[in-house]
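Everything below concerns the one structure shown next.
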Amino acid sequence: MTVTVDLDHRPPLTFYLSVGLVAGSIIALQIGIMRVFSVGSWAHFGSLVVSLAMFGFGLTSAVMCVGKGWFERHWLGAIKGALLAFGPLMVVCNLAAQQVPFNAIFLVSDPMQKWRLFANFVLYFLPFLAGALYLGVVFLKAKKTFNRVYFADLVGSGLCGLSVLLAMYYFRPDDLIMAPLLLWLAGGVLWFVSLGDRRGIGAIVIVAILSAVVHYMAPQVLGIPKLAVSDYKGVSYARKFPDNQRTYERASPFGYLEIYSSSYLHFAPGQSDNAAFNLPTMPKNAYLGLYIDSEGPSGIIKDLPASETAYFKYLSMYYPYILKQNPDTFVVQFGGGISTAVALKAGSAHVTVAEGNPAILTAFREDKGLRDFTGDILNNPKVTVIDYDGRLYVAHTKNRYDVIDLSLADSAGLSSPGGFSIVEKYAYTREAMSAYMRALKPGGILSVTLWNKEEPPKSVLKLYATMVAAARDVEGSDIANDFYVASSYLSTATVLFKRGGFTPEEIAKLNAHTKAMSFDAIYYPGIKVDTADLKQILQDYHDQFFFEGAPADPTAPSEKEPNDKPPPGMATTGADGKVEAKEAEPASSEQEGPRVPATVLGRLAWHYLINGGWQQVADEYVFDTRVLTNHQPYFAAYIKVKDLLKFTDRLELVQDEWGYLLVWATLGIATLFALTLVLFPLVFGWRTIFSRYPGKFGTLIYFLCLGLGYIIVEVGMISHFVLALSNATVSASVLITGMLVFSGIGSFFSERFLDRARSVMPRIFLAIFLILTFYAFTIDYALDWIGTLPYVLRIVLCLLLIFPPAFLMGFPMPTAMTTLGRLGKDHMFLWAWGINGCFSVIGAALVPIVATSFGLPAVVLVGAIAYLVALPAFFSVLMPLRSGRPAAA
């Protein structure tokens, strides 16, 4: 077959459409893999696999750079082979990966888990390698018109990424692989149409049909899962109950939502053990389990009859209703609806409830079985529903409330094993807490309940520090009377803040309830705290992780255990340690019961938070307990950076931090691979290929900065946009779509300025730097306002926000690549593409590290600085060949 298409001179429209669709299928595959890991395992492992798999672009460019001559001679066959392999590899590798039982919880204890994670990487690497080969060869053959091809690549990727968001409504997560498969088929057909290759069209259609048949039929025939869910995810437990029944299921971009019923489901968050002894009957089959992406359960409580409502008094979230009669209540997040049910049954005159996940509201409003079970709670005449984040609502409303409740709705899943990704929790930040406090009526109560299942305590200490900081923002420095705190060991902790402070009579009521529930009083005005225990507790927790001998366990008694003390009224004397009576002292609630180190530390934390000196305690504590802010909204990353290396040989002690540690591991692996692939062409072609190419180092710096800068801004802005869009998947899809489409438009327009690149590009770089610097410190204010608007309008305004920087960020890459192509620097053209891809992966791994250490504005600033550094390096790209090759236009 004779090919008459010249890709450097007026190729047909079908060629550009093919590039866009195939590039879009690569983006769609990335999103699909992350969704598969979100549902089947933990999201950050999906990100890890995708990050490493993207090295397919780096490897492709390195090989093509060295073997450029072969690829130029056999370009047609290389593209055809890559296209025909891409689709089947998607399906086969995805199915094969599901048969490799990777379990994150055993990553340290079972050496096989490391190999299984590596197997997942290799399997998912193969389809990316095929996709990268297609794009690499296309770029090589169309290097002189790279601007237009890059435009098709970016715009196609962005729009196809948005189409995958819509596909999530149609395909369940285990079938989402069909979205990139269909995009690949369309792109492949258009490629062969552009070449007039009918046999190629027939071949790719047949291969696509066979791939779809394998995806749908092979699991049934072979008895294998299409999506294997870890045994350690919440939904796996529910599916194993003998009488389990899935009563509701719906897939959407807001998560794969499932609801299960079972007599084995008992979900009473923070319930006192005394309920079983004091209630005449416990409610039977009172809960359904709500699971989102297999995580949960969030409890859905049935509409209890009046005879059983005493049950609610034994829940930790009942505290504010001890003091408030017929309150006007605001529930910050609906979740499974328990807080709303408690508020109604406790006698609230009216309940306003917010929920930012449309999928949850749809389920509770439309499913008949769920409406019957809950008494149609969202349509209760006493209930008003706000369909966006509660923290945004209270920040902008003029309404004031007697009770504001935030109970276990969106806390980090601290009881789940396997580690956690770096996820933004904006509902718990200092700014959010300040907004809740300001939305209280005089004498109103803010009640925050958080899971307290960690030993040593971590998340609750962050919560304590954050709420105290917020209270000082609202009430000033004198806040000693404004808090009451109670907890249940390895269960929950509840913090009450009262506008104007608690009275002695109210404290007495709360203490009586705490005692009746057998909870621990952690703080109240006038509580007595013995600070002599602090030094020993801090040392014991430190030794639990870093002791050179046998690890210390603060939960077990020992000779130096500060809590191994005689009960009230007794004292030890003499060398034999015998116990004898001493004069009795009045017992206070904080002295009753066993003295648990975590409980004592909680009391000490409040003592120093209220009276001063907490920062010194926090500095000495083994984990990071910094205040959560909108710039650092993470219930994660507790390991201090200075201690990272100390934990490398004791990872089994910090399983809940593996998500954070894997980010560092990914950065190290990415850096190693990037440097290897970037230097590979130089090692094999320094004298024969690059000897006549001036400005090699400057070119490396330039594309390094572009790779780092673009991905850092893109990923960093995703975290910012969660403020307005309230969902990480939607935020990522909208942000990626906007960035790629607008950058693609910028790429298209950049061709007009190629002849003036030397004078225009410095202005472009400065404009990017200034816009990003401005956004770093101001965009949150705009996003907070946008988050209160109807959802479609939120998406539109977010896209408008990202347009200015994204449009300008579309100029640098195609301008430089086209210049290299026109200068005849063909090997450097391929090498530069690889540099950009490799350092994009490094940038993606760098974002969560910078965000947790320095905050989200620092992330955007790093991206801005990368573009500023690229400015002088750009002139190295313009340097002509030394052997008399054509100079830059």
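So you can find residues: chains in the structure tokens are A, B, ... in the order shown, residues in each start at 1, and ligands are numbered from 1 in order.
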* Excluding stretch 720-727 of chain A and any residue of its chain fewer than 4 positions from it, enumerate the residues within 6 Å of it, using only C-alpha atoms, and give them as a ChimeraX atom specification. => /A:731,783-784,786-787
* Mind listing the helix (DSSP H, G or I) residues of stretch 187-286 of chain A, per DSSP on the backbone, as a ChimeraX atom specification? => /A:187-195,198-222,234-240,275-278
* To do: Would you please work out which residue, of A:Phe623, A:Tyr237, A:Phe502, A:Tyr150, is nearest to A:Tyr541 when using only C-alpha atoms?
  => A:Phe623
* Please provide the set of residues having any atom within 9 Å of A:Tyr216, restricted to only C-alpha atoms, with same-chain residues fewer than 4 positions apart removed, written as a ChimeraX atom specification. => /A:175,211-212,220,226
* Shell of 9 Å around A:Ala845, only C-alpha atoms, local chain residues under 3 positions omitted, as a ChimeraX atom specification -> /A:48,51,663-668,670,712,840-842,848-849
Convert the current residue selection to file output with N, CA, C and O atoms, as an mmCIF file, in the first residue's frame.
data_model
loop_
_atom_site.group_PDB
_atom_site.id
_atom_site.type_symbol
_atom_site.label_atom_id
_atom_site.label_comp_id
_atom_site.auth_asym_id
_atom_site.auth_seq_id
_atom_site.Cartn_x
_atom_site.Cartn_y
_atom_site.Cartn_z
ATOM 1 N N LEU A 48 -0.227 5.595 42.165
ATOM 2 C CA LEU A 48 1.145 5.116 42.065
ATOM 3 C C LEU A 48 1.353 4.344 40.776
ATOM 4 O O LEU A 48 2.318 4.576 40.037
ATOM 5 N N SER A 51 1.227 6.692 37.764
ATOM 6 C CA SER A 51 2.433 7.510 37.696
ATOM 7 C C SER A 51 3.588 6.728 37.092
ATOM 8 O O SER A 51 4.305 7.203 36.209
ATOM 9 N N VAL A 663 3.934 8.094 48.911
ATOM 10 C CA VAL A 663 4.157 9.303 48.126
ATOM 11 C C VAL A 663 5.655 9.596 48.039
ATOM 12 O O VAL A 663 6.186 9.922 46.973
ATOM 13 N N TRP A 664 6.328 9.476 49.177
ATOM 14 C CA TRP A 664 7.782 9.668 49.180
ATOM 15 C C TRP A 664 8.490 8.586 48.360
ATOM 16 O O TRP A 664 9.431 8.874 47.627
ATOM 17 N N ALA A 665 8.010 7.345 48.492
ATOM 18 C CA ALA A 665 8.606 6.262 47.720
ATOM 19 C C ALA A 665 8.422 6.491 46.223
ATOM 20 O O ALA A 665 9.339 6.272 45.424
ATOM 21 N N THR A 666 7.222 6.955 45.851
ATOM 22 C CA THR A 666 6.954 7.246 44.443
ATOM 23 C C THR A 666 7.880 8.332 43.923
ATOM 24 O O THR A 666 8.391 8.246 42.797
ATOM 25 N N LEU A 667 8.099 9.362 44.734
ATOM 26 C CA LEU A 667 8.995 10.433 44.320
ATOM 27 C C LEU A 667 10.402 9.900 44.085
ATOM 28 O O LEU A 667 11.052 10.247 43.086
ATOM 29 N N GLY A 668 10.873 9.045 45.001
ATOM 30 C CA GLY A 668 12.215 8.481 44.842
ATOM 31 C C GLY A 668 12.322 7.615 43.596
ATOM 32 O O GLY A 668 13.278 7.729 42.814
ATOM 33 N N ALA A 670 10.330 7.675 40.957
ATOM 34 C CA ALA A 670 10.139 8.513 39.774
ATOM 35 C C ALA A 670 11.420 9.250 39.412
ATOM 36 O O ALA A 670 11.798 9.335 38.239
ATOM 37 N N ILE A 712 2.441 20.144 38.191
ATOM 38 C CA ILE A 712 2.305 20.648 39.563
ATOM 39 C C ILE A 712 1.114 21.596 39.655
ATOM 40 O O ILE A 712 0.312 21.519 40.593
ATOM 41 N N SER A 840 7.143 15.163 34.449
ATOM 42 C CA SER A 840 5.739 15.317 34.809
ATOM 43 C C SER A 840 5.381 14.336 35.920
ATOM 44 O O SER A 840 4.636 14.655 36.849
ATOM 45 N N VAL A 841 5.926 13.118 35.834
ATOM 46 C CA VAL A 841 5.662 12.119 36.865
ATOM 47 C C VAL A 841 6.286 12.545 38.189
ATOM 48 O O VAL A 841 5.685 12.394 39.258
ATOM 49 N N ILE A 842 7.497 13.088 38.135
ATOM 50 C CA ILE A 842 8.137 13.585 39.353
ATOM 51 C C ILE A 842 7.290 14.700 39.967
ATOM 52 O O ILE A 842 7.081 14.752 41.182
ATOM 53 N N PRO A 848 1.800 16.247 46.600
ATOM 54 C CA PRO A 848 1.322 16.000 47.967
ATOM 55 C C PRO A 848 2.377 16.245 49.029
ATOM 56 O O PRO A 848 2.042 16.607 50.161
ATOM 57 N N ILE A 849 3.641 16.078 48.687
ATOM 58 C CA ILE A 849 4.711 16.330 49.657
ATOM 59 C C ILE A 849 4.802 17.814 49.960
ATOM 60 O O ILE A 849 4.885 18.232 51.121
#
* Any idea what's packed within 6 Å of A:Asn452, counting only C-alpha atoms, ignoring anything in its chain fewer than 5 positions away? Could you give it as a PyMOL selection string? -> chain A and resi 490-493
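The closest residue to A:Phe71, picked from A:Ala532, A:Val36, A:Ala851, A:Val137 and counting only C-alpha atoms, is A:Val137.
Across A:Ala97, A:Val869, A:Ile718, A:Leu830, the tightest approach to A:Val66 is made by A:Leu830 when counting only C-alpha atoms.
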